[in-house]
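The block underneath contains the structure these notes are about, expressed in structure tokens.
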Amino acid sequence: MTISYKGNLRVKLLSLLLLFLGLNSTAIAQVTATFYCSSGTYKTGSVNSAGTKNDGNMTTINSSTNRGWATFDLSSIPTGSTVSAVTLKFTTYSTTLSSATNNVYGFLGDPVTMAGASLYSSCGSGTSLNASSWSANALQTKVLNATGVAFVAANVGGSINIGFVRGSTNTYNIYGYPGAPADQPQLVITYVPSVACSATPTAGTTTGPTAAVCPSAGFTLGLSGATAASGITYQWESSVVGAGVWTPIAGATASTYVSSTATAAADYHCVVTCSNTGDAAVSTTFTVTINPFYNCYCASSATSTADEEILNVTFGTLNNSSVCGVAAPGPGSTASMYSNYSTLTPTTVFTGSAVPLSVQIGTCGGNYGNWTKVFIDYNQDGAFTSAGEEVYSSATYTTGPHFETGTVLIPTTALIGVTRMRVVNVETTVASGVPACGTYTWGETEDYLFRYSGTTNLCRYTKCYNCIRSCFDLSKYKLHIKRFRFFSRVRNFLSMGKT
């Protein structure tokens, strides 16, 4: 049986009809169905390495900045169906031919709500589905590999995303949901619908990330060994680690659970129910641990040691100079491409203060147009994508050595503690060519740590003998009531010195 459709075809009815007629699972007909990409805002689009999303067609897809994605609704395929083959179709346009090997990846999550940086990473780091060259301005037909077929099979009954990654810097454009139906991304899936459940299901083993999760990256949980049949429902639940007090997670009713962020360590399991009988089972408990945000920053680096180089960064009391060809002391440093200065003692700046900034740009070769940006992770989520975290950008490009100067106003909402500042200089003539993450050809990236401290409050009591002016902003800390009483007594004592 072959079915082509756009939207949500209820092929579950096919399985129920066959069962009603008394056919067993081996007699159920094989189905081949075409699934078009989902339509609507951010159901298809492109995202650059800075985390900026573009809705609709996948534009300027290349290896250095942009990646594309498309979402497919597979909810009409009964959970547990046996998938035997999958073919991906998509159409390129306004493209120059390249023989480079390109990749498509499968990943889960909702691109509508995913942070741009997380979406960019997911497009190129999910399950590998196909690696091949793409022709220019034509329909592409790509057969998914065995891993890709298994990925689709594991996620029927829900939604999946496919990421498109170029293997070269020349750009490809791919039609998304705004394209004509024949040009839109399509999945042709061959499968045998599953039989209905009729007893207590097996919930199986909960699977998840093998390492601690970064706060801005999110995570995916799944089930291994669970009953595969139609009529199965899922409800994921969470608990404080070790507490055993479980709370259903709103909307987490698929065989996989995708969280776009990870704020705290927690235990998870899934309640698997056969809706035909009401019988339920619970999967094993899986604990998700959180990686400290300072271990989670994306990579940024030049790929050539030639031309532009950051020779000095001055910010507050920080004054750090470097020269061509000498690597920074921090791990991962590569001379004239990436410099990790996070091993330096963090410089302290105060929230609410205006901090002078100076960046000296030099060269290790030729002189070309270049652009500089500075990013600070104010909310300590291990990324530079939140509003206001691009704290400086050149007014325009400059050719050759020069100084970039400005002032950075530290917001009062910046979290107290140590966080990262990133300085990026790229040989380019446009601001969009300077991402916080990813690679570029010429230039350099430098990373630093800073310590943010609260502003002073008690120093308003200045009419006293040798008053101590270095104080704490008590609103930034949760102090014991006795400490508040102590400062109250200090205030009363200081007031004795007033005239």
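Please note that chains go A, B, ... in the order of the structure tokens, that every chain numbers its residues from 1, and that ligands are numbered from 1 in the order shown.
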Please report, as a tab-separated table, each residue of segment 369-450 of chain A lying at most 6 Å from segment 346-362 of chain A, together with the nearest pair of atoms and the separation in Å rounded to one decimal; use only C-alpha atoms, and order rows by chain and ascending residue number.
```
residue	atom	partner	partner_atom	distance
A:Pro401	CA	A:Gly362	CA	4.4
A:His402	CA	A:Ile361	CA	5.3
A:Phe403	CA	A:Gln360	CA	4.5
A:Glu404	CA	A:Val359	CA	5.0
A:Thr405	CA	A:Ser358	CA	4.4
A:Gly406	CA	A:Leu357	CA	5.2
A:Thr407	CA	A:Pro356	CA	4.4
A:Val408	CA	A:Val355	CA	5.1
A:Leu409	CA	A:Ala354	CA	4.3
A:Ile410	CA	A:Thr351	CA	5.1
A:Pro411	CA	A:Gly352	CA	5.2
A:Thr412	CA	A:Gly352	CA	4.9
A:Leu449	CA	A:Pro346	CA	5.1
A:Phe450	CA	A:Pro346	CA	4.6
```
So that I have them on file, write out the residues from the current selection with N, CA and C atoms, as a PDB file, in the first residue's frame.
```
ATOM      1  N   PRO A 401      46.090  47.288  11.458  1.00  0.00           N
ATOM      2  CA  PRO A 401      46.197  47.477  12.906  1.00  0.00           C
ATOM      3  C   PRO A 401      45.464  48.733  13.374  1.00  0.00           C
ATOM      4  N   HIS A 402      44.849  48.640  14.558  1.00  0.00           N
ATOM      5  CA  HIS A 402      44.126  49.778  15.128  1.00  0.00           C
ATOM      6  C   HIS A 402      43.690  49.427  16.544  1.00  0.00           C
ATOM      7  N   PHE A 403      43.080  50.373  17.231  1.00  0.00           N
ATOM      8  CA  PHE A 403      42.508  50.157  18.554  1.00  0.00           C
ATOM      9  C   PHE A 403      40.984  50.250  18.479  1.00  0.00           C
ATOM     10  N   GLU A 404      40.320  49.344  19.179  1.00  0.00           N
ATOM     11  CA  GLU A 404      38.871  49.429  19.379  1.00  0.00           C
ATOM     12  C   GLU A 404      38.656  49.880  20.813  1.00  0.00           C
ATOM     13  N   THR A 405      37.862  50.922  21.032  1.00  0.00           N
ATOM     14  CA  THR A 405      37.640  51.429  22.389  1.00  0.00           C
ATOM     15  C   THR A 405      36.149  51.644  22.636  1.00  0.00           C
ATOM     16  N   GLY A 406      35.752  51.491  23.865  1.00  0.00           N
ATOM     17  CA  GLY A 406      34.359  51.700  24.235  1.00  0.00           C
ATOM     18  C   GLY A 406      34.186  51.573  25.732  1.00  0.00           C
ATOM     19  N   THR A 407      32.951  51.606  26.179  1.00  0.00           N
ATOM     20  CA  THR A 407      32.608  51.460  27.591  1.00  0.00           C
ATOM     21  C   THR A 407      31.506  50.424  27.721  1.00  0.00           C
ATOM     22  N   VAL A 408      31.663  49.504  28.656  1.00  0.00           N
ATOM     23  CA  VAL A 408      30.674  48.451  28.884  1.00  0.00           C
ATOM     24  C   VAL A 408      29.964  48.728  30.202  1.00  0.00           C
ATOM     25  N   LEU A 409      28.638  48.879  30.141  1.00  0.00           N
ATOM     26  CA  LEU A 409      27.842  49.082  31.348  1.00  0.00           C
ATOM     27  C   LEU A 409      27.409  47.716  31.875  1.00  0.00           C
ATOM     28  N   ILE A 410      27.906  47.358  33.056  1.00  0.00           N
ATOM     29  CA  ILE A 410      27.575  46.061  33.645  1.00  0.00           C
ATOM     30  C   ILE A 410      26.176  46.144  34.247  1.00  0.00           C
ATOM     31  N   PRO A 411      25.215  45.365  33.769  1.00  0.00           N
ATOM     32  CA  PRO A 411      23.844  45.475  34.280  1.00  0.00           C
ATOM     33  C   PRO A 411      23.750  45.036  35.732  1.00  0.00           C
ATOM     34  N   THR A 412      22.815  45.622  36.433  1.00  0.00           N
ATOM     35  CA  THR A 412      22.620  45.257  37.840  1.00  0.00           C
ATOM     36  C   THR A 412      22.040  43.851  37.963  1.00  0.00           C
ATOM     37  N   LEU A 449      38.173  35.356  32.213  1.00  0.00           N
ATOM     38  CA  LEU A 449      37.230  35.236  33.311  1.00  0.00           C
ATOM     39  C   LEU A 449      37.158  36.548  34.078  1.00  0.00           C
ATOM     40  N   PHE A 450      35.936  36.879  34.539  1.00  0.00           N
ATOM     41  CA  PHE A 450      35.729  38.064  35.369  1.00  0.00           C
ATOM     42  C   PHE A 450      34.877  37.705  36.562  1.00  0.00           C
TER      43      PHE A 450
END
```
Asn66 of chain A environment, 9 Å, only C-alpha atoms, sequence neighbours closer than 5 positions dropped, as a list in words: Ser46, Val47, Asn48, Ser49, Met58, Thr59, Thr60, Ile61, Tyr120, Val165, Arg166 and Thr171 of chain A
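Taking atom CA of Gly45 of chain A and atom CA of Asn57 of chain A as the two end points, the separation is 5.1 Å.
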Would you write out, as a tab-separated table, a table of all residues in segment 168-250 of chain A that have an atom no more than 9 Å from an atom of segment 87-104 of chain A, listing for each the closest atom pair and the distance in Å to one decimal, considering only C-alpha atoms and ordering rows by chain and rising residue number?
```
residue	atom	partner	partner_atom	distance
A:Ser168	CA	A:Ala100	CA	6.0
A:Asn170	CA	A:Thr96	CA	7.3
A:Thr171	CA	A:Thr95	CA	6.6
A:Tyr172	CA	A:Thr95	CA	4.9
A:Asn173	CA	A:Tyr93	CA	5.4
A:Ile174	CA	A:Thr92	CA	4.4
A:Tyr175	CA	A:Thr91	CA	5.9
A:Gly176	CA	A:Phe90	CA	8.5
A:Ala182	CA	A:Thr91	CA	8.5
A:Asp183	CA	A:Thr91	CA	5.3
A:Gln184	CA	A:Phe90	CA	6.1
A:Pro185	CA	A:Phe90	CA	4.4
A:Gln186	CA	A:Lys89	CA	5.0
A:Leu187	CA	A:Leu88	CA	4.8
A:Val188	CA	A:Thr87	CA	5.0
A:Ile189	CA	A:Thr87	CA	6.7
A:Thr190	CA	A:Thr87	CA	9.0
```
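Excluding Gly417 of chain A and any residue on its chain fewer than 4 positions from it, the residues at most 10 Å away by only C-alpha atoms are Thr348, Tyr378, Gln380, Phe450, Arg451, Tyr452, Ser453 and Gly454 of chain A.
Here the alpha helix (DSSP H) residues in segment 4-237 of chain A, by DSSP on the backbone, are Lys12, Leu13, Leu14, Ser15, Leu16, Leu17, Leu18, Leu19, Phe20, Gly116, Ala117, Ser118, Leu119, Tyr120, Ser121, Ser122, Cys123, Ala146, Thr147, Gly148, Val149, Ala150, Phe151, Val152, Ala153 and Ala154 of chain A.
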Grab the residues selected above and save them as a PDB file, in the first residue's frame with C-alpha atoms.
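See result.pdb below for the written result:
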```
ATOM      1  CA  LYS A  12      -3.621   4.219  12.674  1.00  0.00           C
ATOM      2  CA  LEU A  13      -7.073   3.413  11.266  1.00  0.00           C
ATOM      3  CA  LEU A  14      -5.427   0.969   8.878  1.00  0.00           C
ATOM      4  CA  SER A  15      -4.007  -1.077  11.758  1.00  0.00           C
ATOM      5  CA  LEU A  16      -7.294  -1.063  13.659  1.00  0.00           C
ATOM      6  CA  LEU A  17      -9.246  -2.117  10.573  1.00  0.00           C
ATOM      7  CA  LEU A  18      -6.921  -5.024   9.898  1.00  0.00           C
ATOM      8  CA  LEU A  19      -7.092  -6.140  13.508  1.00  0.00           C
ATOM      9  CA  PHE A  20     -10.866  -5.938  13.412  1.00  0.00           C
ATOM     10  CA  GLY A 116      19.318  29.516  18.661  1.00  0.00           C
ATOM     11  CA  ALA A 117      22.737  28.290  19.798  1.00  0.00           C
ATOM     12  CA  SER A 118      21.269  24.951  20.903  1.00  0.00           C
ATOM     13  CA  LEU A 119      19.415  24.606  17.598  1.00  0.00           C
ATOM     14  CA  TYR A 120      22.574  25.349  15.610  1.00  0.00           C
ATOM     15  CA  SER A 121      24.450  22.680  17.557  1.00  0.00           C
ATOM     16  CA  SER A 122      21.645  20.125  17.218  1.00  0.00           C
ATOM     17  CA  CYS A 123      21.452  20.567  13.437  1.00  0.00           C
ATOM     18  CA  ALA A 146      20.622   2.022   8.869  1.00  0.00           C
ATOM     19  CA  THR A 147      21.218   4.365  11.806  1.00  0.00           C
ATOM     20  CA  GLY A 148      18.879   6.871  10.228  1.00  0.00           C
ATOM     21  CA  VAL A 149      16.138   4.282   9.732  1.00  0.00           C
ATOM     22  CA  ALA A 150      16.509   3.234  13.381  1.00  0.00           C
ATOM     23  CA  PHE A 151      16.230   6.885  14.465  1.00  0.00           C
ATOM     24  CA  VAL A 152      12.979   7.319  12.555  1.00  0.00           C
ATOM     25  CA  ALA A 153      11.629   4.008  13.871  1.00  0.00           C
ATOM     26  CA  ALA A 154      12.364   4.996  17.458  1.00  0.00           C
TER      27      ALA A 154
END
```
With a distance cut-off of 10 Å and only C-alpha atoms, select the neighbouring residues of segment 199-213 of chain A, excluding the residue or stretch itself and same-chain residues fewer than 2 positions from it, and output the selection as a ChimeraX atom specification. /A:196-197,215-229,232,234,256-257,261-265,268-293,296
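Of the listed residues A:Ser239, A:Ser81, A:Ser76, A:Ser63, the one whose atoms come nearest to Thr34 of chain A is A:Ser76, with distances taken using only C-alpha atoms.
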Looking only at strand (DSSP E or B) from DSSP on the backbone, list the matching residues of segment 288-403 of chain A as a PyMOL selection string. chain A and resi 288+290+300-302+308-315+318-321+334+338-340+347-350+354-363+369-376+390-393+398-399+402-403
Based on the selection just made, write C-alpha atoms of those residues as a tab-separated table (two decimals), in the first residue's frame.
```
chain	number	residue	atom	x	y	z
A	288	VAL	CA	20.49	13.77	34.93
A	290	ILE	CA	24.41	19.24	35.50
A	300	SER	CA	35.50	29.67	18.67
A	301	SER	CA	38.67	29.83	16.61
A	302	ALA	CA	40.35	30.94	13.43
A	308	GLU	CA	44.73	39.62	12.13
A	309	GLU	CA	45.79	39.15	15.76
A	310	ILE	CA	44.52	40.50	19.10
A	311	LEU	CA	47.59	42.10	20.72
A	312	ASN	CA	46.06	43.60	23.86
A	313	VAL	CA	42.82	43.54	25.84
A	314	THR	CA	42.23	46.10	28.57
A	315	PHE	CA	39.04	45.92	30.60
A	318	LEU	CA	42.79	43.73	33.24
A	319	ASN	CA	45.63	44.63	30.89
A	320	ASN	CA	46.79	41.59	28.90
A	321	SER	CA	49.20	41.70	25.96
A	334	THR	CA	46.43	27.51	19.64
A	338	TYR	CA	42.45	30.78	19.90
A	339	SER	CA	43.81	32.07	23.21
A	340	ASN	CA	42.42	30.83	26.52
A	347	THR	CA	39.44	40.69	37.44
A	348	THR	CA	36.68	42.08	39.69
A	349	VAL	CA	34.12	44.51	38.30
A	350	PHE	CA	30.96	45.82	39.96
A	354	ALA	CA	30.71	51.54	33.49
A	355	VAL	CA	33.93	49.72	32.61
A	356	PRO	CA	36.33	51.10	29.95
A	357	LEU	CA	37.28	48.66	27.19
A	358	SER	CA	40.21	48.71	24.77
A	359	VAL	CA	41.20	46.05	22.23
A	360	GLN	CA	44.40	46.42	20.18
A	361	ILE	CA	44.29	44.71	16.80
A	362	GLY	CA	47.53	43.91	15.01
A	363	THR	CA	48.61	41.54	12.26
A	369	GLY	CA	39.30	44.66	6.63
A	370	ASN	CA	38.37	43.25	10.04
A	371	TRP	CA	35.65	43.52	12.68
A	372	THR	CA	35.70	43.06	16.48
A	373	LYS	CA	33.03	41.96	18.94
A	374	VAL	CA	33.02	41.32	22.70
A	375	PHE	CA	30.61	38.95	24.47
A	376	ILE	CA	29.96	38.47	28.22
A	390	GLU	CA	27.01	41.05	22.90
A	391	VAL	CA	28.45	44.04	24.77
A	392	TYR	CA	30.58	45.61	22.04
A	393	SER	CA	30.75	45.62	18.25
A	398	THR	CA	38.82	48.71	9.76
A	399	THR	CA	41.73	47.74	7.54
A	402	HIS	CA	44.13	49.78	15.13
A	403	PHE	CA	42.51	50.16	18.55
```
Here atom CA of Asn367 of chain A and atom CA of Thr396 of chain A stand apart by 15.7 Å
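With only C-alpha atoms as the atoms that count, the minimum distance from Cys214 of chain A to the choices A:Ala383, A:Ala266, A:Val323, A:Ile77 is reached by A:Ala383.
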At a cut-off of 6 Å, using only C-alpha atoms, what residues contact Asn161 of chain A? Leave out same-chain residues fewer than 2 positions from it and give the result as a PyMOL selection string. chain A and resi 70-71+106-108
For the selection just defined, write its residues with N, CA and C atoms to a file, as a PDB file, in the first residue's frame.
```
ATOM      1  N   ALA A  70      14.355  21.060   9.235  1.00  0.00           N
ATOM      2  CA  ALA A  70      12.955  20.850   8.880  1.00  0.00           C
ATOM      3  C   ALA A  70      12.337  19.903   9.887  1.00  0.00           C
ATOM      4  N   THR A  71      11.108  20.190  10.305  1.00  0.00           N
ATOM      5  CA  THR A  71      10.387  19.379  11.275  1.00  0.00           C
ATOM      6  C   THR A  71       9.355  18.509  10.556  1.00  0.00           C
ATOM      7  N   GLY A 106      19.509  13.715  12.282  1.00  0.00           N
ATOM      8  CA  GLY A 106      18.219  13.665  12.945  1.00  0.00           C
ATOM      9  C   GLY A 106      18.350  14.084  14.396  1.00  0.00           C
ATOM     10  N   PHE A 107      17.426  14.927  14.865  1.00  0.00           N
ATOM     11  CA  PHE A 107      17.452  15.334  16.272  1.00  0.00           C
ATOM     12  C   PHE A 107      16.034  15.621  16.741  1.00  0.00           C
ATOM     13  N   LEU A 108      15.851  15.677  18.055  1.00  0.00           N
ATOM     14  CA  LEU A 108      14.548  15.903  18.662  1.00  0.00           C
ATOM     15  C   LEU A 108      14.498  17.289  19.291  1.00  0.00           C
TER      16      LEU A 108
END
```
In Å, rounded to a single decimal, give me how far atom CA of Ala335 of chain A is from atom CA of Pro435 of chain A. 19.7 Å
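Ranking A:Asn295, A:Ser230, A:Ser432, A:Ser260 by their shortest atom-to-atom distance to Thr82 of chain A, with only C-alpha atoms included, puts A:Ser230 first.
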